[in-house]
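Undergrad: To start, I am sharing the structure in question, which I have written as structure tokens.
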Amino acid sequence: MEIKVLGTGCPKCKTLEKLTREVVERNAIDATIVKVEDIMAIMSYGVISTPALVIDEKVVVKGRVPSADEIEKLLIK
């Protein structure tokens with residue numbers, strides 16, 4: 001599984017990355033987490049409002065920080 005956290009480095013983006021890493025570690029999920037900060041790369045996903053979470057090239061959350069429980073449900077479905 002490939003997970004991308006899209007964001008330019010704002011506090012919300014950092015929070016989303018931290019929560020995602022914690023959920024992956026806690027559930028022993030085999031995943032690669034990549035932080036994407038390049039604005040052109042972020043826009044290529046159709047994301048205008050960050051942070052955003054991309055799982056296997058599909059945008060699943062954008063413009064907000066989901067709870068750890070919500071991230072867990074997205075990763076374990």
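Chain labels follow the order of the structure tokens: the first chain is A, the next B, and so on; residue numbering restarts at 1 in every chain, and ligands are counted from 1 in their shown order.
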Which polymer residues have any atom within 9 Å of an atom of Arg64 in chain A, counting only C-alpha atoms, with same-chain residues fewer than 2 positions away left out, as a list of chain:residue names?

TA: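 Listed by chain and then number, they are A:Lys12, A:Cys13, A:Leu16, A:Ser49, A:Thr50, A:Pro51, A:Ala52, A:Val61, A:Lys62, A:Pro66.
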
Undergrad: Mind listing the strand (DSSP E or B) residues of chain A, per DSSP on the backbone, as a ChimeraX atom specification?

TA: /A:2-6,32-36,52-55,58-62

Undergrad: With distances taken over only C-alpha atoms, which of A:Glu57, A:Asp38, A:Asp30, A:Glu22 is nearest to Lys4 in chain A?

TA: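 Closest candidate: A:Glu57.
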
Undergrad: Nearest to Val54 in chain A among A:Ile39, A:Leu75, A:Ala28, A:Ala68, with distances taken over only C-alpha atoms: which residue is it?

TA: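 Of A:Ile39, A:Leu75, A:Ala28, A:Ala68, the one nearest Val54 in chain A, counting only C-alpha atoms, is A:Leu75.
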
Undergrad: I'd like to know which of A:Met1, A:Glu25, A:Gly7, A:Val65 is closest to Tyr45 in chain A, using only C-alpha atoms.

TA: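 Of the candidates, the smallest distance to Tyr45 in chain A is held by A:Gly7.
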
Undergrad: Between CA of Met43 in chain A and CA of Ile29 in chain A, what is the spacing in Å?

TA: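 Between CA of Ile29 in chain A and CA of Met43 in chain A the gap works out to 27.4 Å.
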
Undergrad: Pick from A:Ile55, A:Ile71, A:Ile48, A:Met40: nearest to Lys18 in chain A, with only C-alpha atoms counted?

TA: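 The closest residue to Lys18 in chain A is A:Ile71.
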
Undergrad: Please identify all polymer residues within 9 Å of Ile3 in chain A, counting only C-alpha atoms, omitting same-chain residues fewer than 3 positions from it, and present them as a PyMOL selection string.

TA: chain A and resi 20+31-35+53-57

Undergrad: Store the residues picked out above, limited to N, CA and C atoms, as a PDB file, in the first residue's frame.

TA:
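Dumped to result39.pdb:
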ATOM      1  N   THR A  20      -1.161   9.568  10.567  1.00  0.00           N
ATOM      2  CA  THR A  20      -1.105   8.469   9.604  1.00  0.00           C
ATOM      3  C   THR A  20       0.013   7.501   9.961  1.00  0.00           C
ATOM      4  N   ALA A  31       2.911  -0.534   4.613  1.00  0.00           N
ATOM      5  CA  ALA A  31       2.657   0.637   3.774  1.00  0.00           C
ATOM      6  C   ALA A  31       3.891   1.512   3.688  1.00  0.00           C
ATOM      7  N   THR A  32       3.975   2.215   2.577  1.00  0.00           N
ATOM      8  CA  THR A  32       4.997   3.225   2.381  1.00  0.00           C
ATOM      9  C   THR A  32       4.302   4.575   2.498  1.00  0.00           C
ATOM     10  N   ILE A  33       4.839   5.452   3.344  1.00  0.00           N
ATOM     11  CA  ILE A  33       4.241   6.778   3.520  1.00  0.00           C
ATOM     12  C   ILE A  33       5.179   7.805   2.911  1.00  0.00           C
ATOM     13  N   VAL A  34       4.617   8.607   2.010  1.00  0.00           N
ATOM     14  CA  VAL A  34       5.390   9.639   1.322  1.00  0.00           C
ATOM     15  C   VAL A  34       4.746  10.993   1.600  1.00  0.00           C
ATOM     16  N   LYS A  35       5.555  11.982   1.941  1.00  0.00           N
ATOM     17  CA  LYS A  35       5.061  13.352   2.135  1.00  0.00           C
ATOM     18  C   LYS A  35       5.300  14.108   0.843  1.00  0.00           C
ATOM     19  N   LEU A  53      -5.097  13.193   1.961  1.00  0.00           N
ATOM     20  CA  LEU A  53      -4.566  11.847   2.141  1.00  0.00           C
ATOM     21  C   LEU A  53      -4.893  11.038   0.894  1.00  0.00           C
ATOM     22  N   VAL A  54      -3.848  10.428   0.316  1.00  0.00           N
ATOM     23  CA  VAL A  54      -4.002   9.639  -0.901  1.00  0.00           C
ATOM     24  C   VAL A  54      -3.586   8.209  -0.580  1.00  0.00           C
ATOM     25  N   ILE A  55      -4.459   7.250  -0.877  1.00  0.00           N
ATOM     26  CA  ILE A  55      -4.147   5.842  -0.661  1.00  0.00           C
ATOM     27  C   ILE A  55      -4.173   5.149  -2.013  1.00  0.00           C
ATOM     28  N   ASP A  56      -3.035   4.579  -2.392  1.00  0.00           N
ATOM     29  CA  ASP A  56      -2.899   3.901  -3.691  1.00  0.00           C
ATOM     30  C   ASP A  56      -3.436   4.766  -4.830  1.00  0.00           C
ATOM     31  N   GLU A  57      -2.987   6.013  -4.854  1.00  0.00           N
ATOM     32  CA  GLU A  57      -3.295   6.993  -5.911  1.00  0.00           C
ATOM     33  C   GLU A  57      -4.749   7.458  -5.926  1.00  0.00           C
TER      34      GLU A  57
END

Undergrad: Just checking: using only C-alpha atoms, which residue out of A:Val5, A:Cys10, A:Val23, A:Ala41 ends up closest to Glu72 in chain A?

TA: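 Going through A:Val5, A:Cys10, A:Val23, A:Ala41 one by one, the smallest distance to Glu72 in chain A is for A:Val23.
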
Undergrad: Smallest atom-to-atom distance to Gly63 in chain A: which of A:Val47, A:Gly9, A:Lys77, A:Arg26, using only C-alpha atoms?

TA: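 Answer, going by the shortest atom-to-atom distance: A:Val47.
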